[in-house]
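Q: Here it is, the structure in full.
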Amino acid sequence: MKDFNMVIAGFGGQGVLFLGKVIAYAGLMDGKEVSWLPSYGPEMRGGTANCSVCISDEPIGSPLVVTPNVLVAMNKPSLDKFINSVAPGGIVLLDSTLINDKVCRDDVKVFYLPATATAEENNMKGLSNIILLGKLFEQTNFCSKESLEKGIAKSVPAKKQHLVATNLKAVEIGASL
Amino acid sequence: MGERVLMKGNEALAEAAILAGCKHFFGYPITPQTEVAAYMAKRLPKIGGTYLQAESEVAAINMVQGAAACGIRAMTSSSSPGISLKTEGISYMAGADVPAVIINVQRGGPGLGGIQPSQADYWQATKAMGHGDFHVLVFAPSTVQEMVDLVNLAFEKADEYRMPAVILSDGMLGQMMEPVEIKAAEPKTFDKPWATCGHGGKRAHNIVNSLYLQANELERLVKERFERYEKIKATEQRAEEYMMDDADIAIVAYGATSRVVKAAVKEARAMGIKVGCIRPITLWPFPTEAIEKAAKSVNQFLVCEMSMGQMVDDVKLAVNGAVPVEFYGRTGGMIPEPAEILAQIVELNKKGGAK
């Protein structure tokens with residue numbers, strides 16, 4: 001994949017918007033053009049959140065991703081909402097701790113990852129998003145390793161920089177799933 | 001070059017406004033512009049400025065007028081329904097020749113409408129930002145970087161011409177994050193001998209007022225203002241041309257829509273269709289010169305907006321019947337996809353336009 005058009009979706013509080021920001025920042029650190037667009041509509045009131053992230057060599061046209069080539073689904077409503085919009089040949093990563101369904105499409109590559117359970121086993125509650133990021137990175141190399149690390153450091157707020165190391169560990173664990 | 005950081009359009013604009021010398025912000029919350037106010041609330045008190053959440057939009061715009069009448073750079077921001085409430089105050093500022101900057105992060109309308117991105121306030125911003133004979137400067141950013149660059153220009157031009165300036169943004173540009181470089185440069189400032197900033201008994205007192213009960217006096221002032229507008233029309237038009245050199249079809253689009261249009265233009269070019277984009281950066285003054293120039297070489301225009309067709313009127317006036325002008329738009333908060341615009345381009349290319 002040259003251009004990445006991603007949709008990242010889940011419940012509010014799962015770190016969906018943060019994950020999008022890390023990916024966008026990592027792309028920026030690679031010198032790419034990037035955009036990040038959150039949902040801010042009524043669906044947020046229902047507890048779900050999503051964001052569109054684009055990484056490209058060219059300036060980003062519409063930052064709203066309607067046909068993603070990467071979908072990260074962190075809950076079932078999100079998978080149901082976006083699975084049919086994924087471009088053929090696209091990649092789907094889903095948290096199989098929270099989603100029991102199997103994807104019915106055979107033209108996309110699906111990774112079933114027990115992200116929430118893995119996070120809890122490793123005492124990394126709340127980092128299921130970064131575990132999924134690890135797998136996404138391992139599968140797509142959407143940026144360099146160095147840029148990914150910088151992207152995480154840039155996205156973690158100044159007061160929480162001590163958590164960067166744990167995030168990097170979560171990436172490693174995710175990549176090994 | 002400074003560091004490019006990821007920032008939301010609304011926040012980048014707020015930071016840039018502070019760097020442009022905005023000291024006072026008066027607002028009232030509304031989606032999707034809330035981050036502008038939130039950012040100002042966090043930053044302005046730390047630099048000796050004022051952030052004030054007023055009791056209403058009407059109160060906020062009158063506070064802006066009060067601060068700006070003292071010669072201080074002041075700003076308010078809102079989103080479509082809130083801007084409607086501010087128009088009375090904007091008209092008063094225009095009538096009193098008070099410079100200030102007003103941000104409209106547009107959402108779908110009419111009425112309370114929706115909260116998704118829209119460009120349906122074009123007519124309001126460019127034709128009727130309140131009652132009476134007047135114009136305001138209207139700038140239309142299309143990237144987060146331009147949110148930054150144009151807010152600085154808006155403050156400068158507002159001061160230079162003593163009139164309100166509007167940044168016509170939308171929910172997409174306000175909410176999205178994009179790499180942006182915010183340079184700290186000394187803002188260009190202007191003497192304001194008219195300001196009501198205290199005179200210590202050393203000069204006659206200044207009056208900032210929009211009430212003129214003598215009809216001949218009011219006419220004189222309005223005419224004087226319109227002479228200024230003519231000068232602005234002659235010198236301040238801004239537009240970007242994208243792949244227009246050999247274009248047969250010109251698409252006119254501003255703000256968020258222009259991004260989608262450019263993506264479609266690139267795809268159409270790959271198919272061998274000679275199409276380009278003219279992107280107005282100033283909506284008032286409207287860049288008629290760029291449109292007139294293109295009307296001599298292209299054989300048709302397409303105007304794309306996130307509305308039912310408002311800017312298309314200004315394009316038609318500038319084209320003045322030389323070649324056909326078509327329109328394509330989405331409204332209510334829907335963002336067009338590049339494929340939709342591409343389909344329009346392919347269709348127009350088949351038709352061939354005027355020869």
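Chain labels A, B, ... are given in the sequence in which chains occur in the structure tokens; within each chain residues are numbered consecutively from 1, and ligands are likewise numbered from 1 in the order shown.
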Hey, which bits of chain B sit within 9 Å of chain A, and for each residue what's the closest pair of atoms and how far apart in Å (one decimal), counting only C-alpha atoms, rows by chain and increasing number, as a tab-separated table?

A:
```
residue	atom	partner	partner_atom	distance
B:Arg4	CA	A:Leu28	CA	8.2
B:Val5	CA	A:Tyr25	CA	8.2
B:Leu6	CA	A:Tyr25	CA	6.9
B:Lys8	CA	A:Trp36	CA	8.6
B:Thr31	CA	A:Tyr40	CA	8.8
B:Pro32	CA	A:Tyr40	CA	8.0
B:Gly114	CA	A:Gly41	CA	8.9
B:Ile115	CA	A:Gly41	CA	6.8
B:Gln116	CA	A:Gly41	CA	6.9
B:Met172	CA	A:Leu37	CA	7.5
B:Leu173	CA	A:Leu37	CA	8.9
B:Gln175	CA	A:Leu37	CA	6.5
B:Met176	CA	A:Leu37	CA	4.4
B:Met177	CA	A:Trp36	CA	4.9
B:Glu178	CA	A:Ser35	CA	4.8
B:Pro179	CA	A:Val34	CA	7.0
B:Ala256	CA	A:Ser62	CA	7.7
B:Thr257	CA	A:Ser62	CA	8.2
B:Ser258	CA	A:Gly61	CA	8.2
B:Arg259	CA	A:Gly61	CA	4.5
B:Val260	CA	A:Gly61	CA	5.0
B:Val261	CA	A:Gly61	CA	7.7
B:Lys262	CA	A:Gly61	CA	6.6
B:Ala263	CA	A:Gly61	CA	5.2
B:Ala264	CA	A:Gly61	CA	8.6
B:Ile335	CA	A:Leu64	CA	8.1
B:Pro336	CA	A:Ser62	CA	8.7
B:Glu337	CA	A:Ser62	CA	7.5
B:Pro338	CA	A:Ser62	CA	7.6
```

Q: Could you write out the selected residues, including C-alpha atoms, as an mmCIF file, in the first residue's frame?

A:
```cif
data_model
loop_
_atom_site.group_PDB
_atom_site.id
_atom_site.type_symbol
_atom_site.label_atom_id
_atom_site.label_comp_id
_atom_site.auth_asym_id
_atom_site.auth_seq_id
_atom_site.Cartn_x
_atom_site.Cartn_y
_atom_site.Cartn_z
ATOM 1 C CA ARG B 4 5.357 21.008 11.642
ATOM 2 C CA VAL B 5 3.025 19.850 14.390
ATOM 3 C CA LEU B 6 -0.359 18.178 14.282
ATOM 4 C CA LYS B 8 -6.863 20.786 15.007
ATOM 5 C CA THR B 31 -20.415 22.922 17.889
ATOM 6 C CA PRO B 32 -18.254 22.653 15.767
ATOM 7 C CA GLY B 114 -27.032 20.000 11.949
ATOM 8 C CA ILE B 115 -23.495 20.011 13.247
ATOM 9 C CA GLN B 116 -21.706 18.532 10.233
ATOM 10 C CA MET B 172 -14.294 19.733 8.651
ATOM 11 C CA LEU B 173 -11.440 22.266 8.713
ATOM 12 C CA GLN B 175 -12.207 19.543 13.598
ATOM 13 C CA MET B 176 -9.486 17.941 11.504
ATOM 14 C CA MET B 177 -5.812 17.711 12.438
ATOM 15 C CA GLU B 178 -3.178 18.341 9.826
ATOM 16 C CA PRO B 179 0.511 19.256 9.967
ATOM 17 C CA ALA B 256 -13.074 22.146 2.286
ATOM 18 C CA THR B 257 -14.785 21.453 -1.051
ATOM 19 C CA SER B 258 -11.724 22.619 -2.974
ATOM 20 C CA ARG B 259 -9.693 19.797 -1.409
ATOM 21 C CA VAL B 260 -12.125 17.208 -2.723
ATOM 22 C CA VAL B 261 -12.220 18.967 -6.110
ATOM 23 C CA LYS B 262 -8.429 18.959 -6.403
ATOM 24 C CA ALA B 263 -8.359 15.202 -5.736
ATOM 25 C CA ALA B 264 -10.984 14.734 -8.488
ATOM 26 C CA ILE B 335 -19.220 16.111 2.206
ATOM 27 C CA PRO B 336 -18.915 15.272 -1.503
ATOM 28 C CA GLU B 337 -16.615 12.409 -2.443
ATOM 29 C CA PRO B 338 -13.950 12.821 -5.137
#
```

Q: Could you tell me, as a PyMOL selection string, which residues of region 11-209 of chain B DSSP assigns to strand (DSSP E or B) when given the backbone?

A: chain B and resi 24-27+50-53+74-78+101-107+117+137-139+165-170+177-180

Q: Among region 107-151 of chain A, which residues carry a DSSP assignment of alpha helix (DSSP H), reported as a list in words?

A: Ala115, Thr116, Ala117, Thr118, Ala119, Glu120, Glu121, Ser128, Asn129, Ile130, Ile131, Leu132, Leu133, Gly134, Lys135, Leu136, Phe137, Glu138, Gln139, Thr140, Lys145, Glu146, Ser147, Leu148, Glu149, Lys150 and Gly151 of chain A

Q: Contacts of Ser176 (chain A) at 9 Å or less, counting only C-alpha atoms, minus same-chain residues fewer than 2 places along, as a count of residues only?

A: 7

Q: What does the distance from CA of Gly89 (chain B) to CA of Leu211 (chain B) come to in Å, to one decimal?

A: 13.0 Å

Q: What is the CA of Ser210 (chain B) to CA of Tyr122 (chain B) distance in Å?

A: 25.2 Å

Q: Using only C-alpha atoms, which residues sit within 10 Å of Met63 (chain B) once same-chain residues fewer than 6 positions away are excluded, as a ChimeraX atom specification?

A: /B:24-27,52,54,57,69,74-76,89

Q: Could those selected residues go to a file with N, CA and C atoms, as an mmCIF file, in the first residue's frame?

A:
```
data_model
loop_
_atom_site.group_PDB
_atom_site.id
_atom_site.type_symbol
_atom_site.label_atom_id
_atom_site.label_comp_id
_atom_site.auth_asym_id
_atom_site.auth_seq_id
_atom_site.Cartn_x
_atom_site.Cartn_y
_atom_site.Cartn_z
ATOM 1 N N HIS B 24 -8.280 39.964 23.169
ATOM 2 C CA HIS B 24 -9.563 39.729 23.835
ATOM 3 C C HIS B 24 -10.473 38.880 22.974
ATOM 4 N N PHE B 25 -11.064 37.883 23.607
ATOM 5 C CA PHE B 25 -11.971 36.977 22.900
ATOM 6 C C PHE B 25 -13.278 36.895 23.665
ATOM 7 N N PHE B 26 -14.364 37.071 22.950
ATOM 8 C CA PHE B 26 -15.690 36.972 23.567
ATOM 9 C C PHE B 26 -16.494 35.962 22.766
ATOM 10 N N GLY B 27 -17.057 34.981 23.430
ATOM 11 C CA GLY B 27 -17.745 33.948 22.673
ATOM 12 C C GLY B 27 -18.878 33.302 23.436
ATOM 13 N N LEU B 52 -13.728 35.751 27.627
ATOM 14 C CA LEU B 52 -14.991 35.892 28.340
ATOM 15 C C LEU B 52 -16.083 35.131 27.617
ATOM 16 N N ALA B 54 -19.694 35.024 27.118
ATOM 17 C CA ALA B 54 -20.799 35.956 27.322
ATOM 18 C C ALA B 54 -22.093 35.203 27.600
ATOM 19 N N GLU B 57 -24.683 35.164 22.166
ATOM 20 C CA GLU B 57 -23.899 35.590 21.006
ATOM 21 C C GLU B 57 -24.015 37.093 20.796
ATOM 22 N N ALA B 69 -13.291 48.964 19.569
ATOM 23 C CA ALA B 69 -13.421 50.425 19.514
ATOM 24 C C ALA B 69 -12.313 51.104 20.311
ATOM 25 N N ALA B 74 -9.522 42.242 18.726
ATOM 26 C CA ALA B 74 -10.483 41.385 19.414
ATOM 27 C C ALA B 74 -11.148 40.455 18.410
ATOM 28 N N MET B 75 -11.652 39.346 18.920
ATOM 29 C CA MET B 75 -12.200 38.318 18.047
ATOM 30 C C MET B 75 -13.366 37.610 18.709
ATOM 31 N N THR B 76 -14.257 37.087 17.889
ATOM 32 C CA THR B 76 -15.263 36.159 18.375
ATOM 33 C C THR B 76 -15.338 35.018 17.389
ATOM 34 N N GLY B 89 -24.631 43.037 15.543
ATOM 35 C CA GLY B 89 -23.410 43.689 16.027
ATOM 36 C C GLY B 89 -22.395 43.917 14.911
#
```

Q: Separation of CA of Ala247 (chain B) and CA of Met271 (chain B), in Å?

A: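 Result for CA of Ala247 (chain B) versus CA of Met271 (chain B): 13.6 Å, one decimal.
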
Q: Which residue is closest to Arg279 (chain B)? Choose from B:Arg43, B:Arg238, B:Lys350, B:Lys293 and count only C-alpha atoms.

A: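 Ranked by minimum distance to Arg279 (chain B), first place goes to B:Arg238.
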
Q: Which residues are close to region 287-290 of chain B, i.e. within 8 Å by only C-alpha atoms, leaving aside same-chain residues fewer than 5 positions away? Reply as a ChimeraX atom specification.

A: /B:237-239,278,280,282,315,318

Q: Please produce an output containing N, CA and C atoms for each residue in the selection, written as a tab-separated table (two decimals), in the first residue's frame.

A:
```tsv
chain	number	residue	atom	x	y	z
B	237	GLN	N	-8.13	40.94	-4.06
B	237	GLN	CA	-8.64	39.65	-4.53
B	237	GLN	C	-7.54	38.60	-4.44
B	238	ARG	N	-7.91	37.46	-3.93
B	238	ARG	CA	-6.95	36.36	-3.83
B	238	ARG	C	-7.59	35.06	-4.30
B	239	ALA	N	-6.86	34.33	-5.14
B	239	ALA	CA	-7.34	33.02	-5.60
B	239	ALA	C	-6.14	32.15	-5.94
B	278	ILE	N	-10.05	26.62	-9.85
B	278	ILE	CA	-9.80	27.97	-9.32
B	278	ILE	C	-10.37	27.99	-7.91
B	280	PRO	N	-11.12	30.33	-4.86
B	280	PRO	CA	-11.16	31.65	-4.22
B	280	PRO	C	-10.65	31.57	-2.78
B	282	THR	N	-10.17	34.77	-1.12
B	282	THR	CA	-11.07	35.82	-0.61
B	282	THR	C	-12.42	35.59	-1.28
B	315	VAL	N	-19.83	33.50	-9.59
B	315	VAL	CA	-19.08	32.98	-10.75
B	315	VAL	C	-19.81	33.38	-12.03
B	318	ALA	N	-19.26	36.93	-12.94
B	318	ALA	CA	-17.91	37.18	-13.48
B	318	ALA	C	-17.77	36.59	-14.89
```

Q: Give me the residues within 8 Å of region 160-167 of chain B as a list of chain:residue names, counting only C-alpha atoms and dropping any in the same chain fewer than 5 places off.

A: B:Ile90, B:Met93, B:Ala94, B:Asp97, B:Val98, B:Pro99, B:Ala100, B:Val101, B:Ile102, B:Ile103, B:Asn104, B:Ala125, B:Val136, B:Leu137, B:Val138, B:Phe139, B:Ala140, B:Pro141, B:Leu150, B:Val151, B:Ala154, B:Phe155, B:Phe190, B:Arg228

Q: Using only C-alpha atoms, pick whichever of A:Asn69, A:Gly13, A:Thr48, A:Gln139 has the shortest atom-to-atom distance to Lys125 (chain A).

A: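 Among the listed residues, the smallest separation from Lys125 (chain A) belongs to A:Gly13.
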
Q: Between B:Ile47, B:Ala96, B:Val312, B:Val105, which has the minimum distance to Tyr212 (chain B) (counting only C-alpha atoms)?

A: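 Among the listed residues, B:Ala96 lies closest to Tyr212 (chain B).
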
Q: Residues within 12 Å of Ala295 (chain B), please, as a VMD selection string. Count only C-alpha atoms; anything in the same chain fewer than 6 positions from it doesn't count.

A: chain B and resid 244 247 to 252 278 288 to 289 301 to 302 315 to 325 353 to 355

Q: Based on the selection just made, write C-alpha atoms of those residues as a CSV table (one decimal), in the first residue's frame.

A:
```
chain,number,residue,atom,x,y,z
B,244,MET,CA,-5.4,25.7,-15.0
B,247,ALA,CA,-7.6,23.6,-18.8
B,248,ASP,CA,-10.8,23.3,-20.9
B,249,ILE,CA,-13.0,22.9,-17.8
B,250,ALA,CA,-12.5,25.2,-14.8
B,251,ILE,CA,-14.0,24.0,-11.5
B,252,VAL,CA,-14.5,26.8,-8.9
B,278,ILE,CA,-9.8,28.0,-9.3
B,288,THR,CA,-13.6,38.1,-10.4
B,289,GLU,CA,-10.3,38.7,-12.2
B,301,PHE,CA,-17.2,26.1,-15.6
B,302,LEU,CA,-18.4,23.9,-12.9
B,315,VAL,CA,-19.1,33.0,-10.7
B,316,LYS,CA,-21.9,33.6,-13.2
B,317,LEU,CA,-21.6,37.3,-12.7
B,318,ALA,CA,-17.9,37.2,-13.5
B,319,VAL,CA,-18.3,34.8,-16.4
B,320,ASN,CA,-21.0,37.1,-17.7
B,321,GLY,CA,-22.5,34.5,-20.2
B,322,ALA,CA,-19.2,33.9,-22.0
B,323,VAL,CA,-19.4,30.1,-21.4
B,324,PRO,CA,-21.8,27.8,-19.6
B,325,VAL,CA,-21.6,27.6,-15.8
B,353,GLY,CA,-19.2,23.0,-23.6
B,354,ALA,CA,-19.1,26.2,-25.7
B,355,LYS,CA,-16.8,26.3,-28.7
```
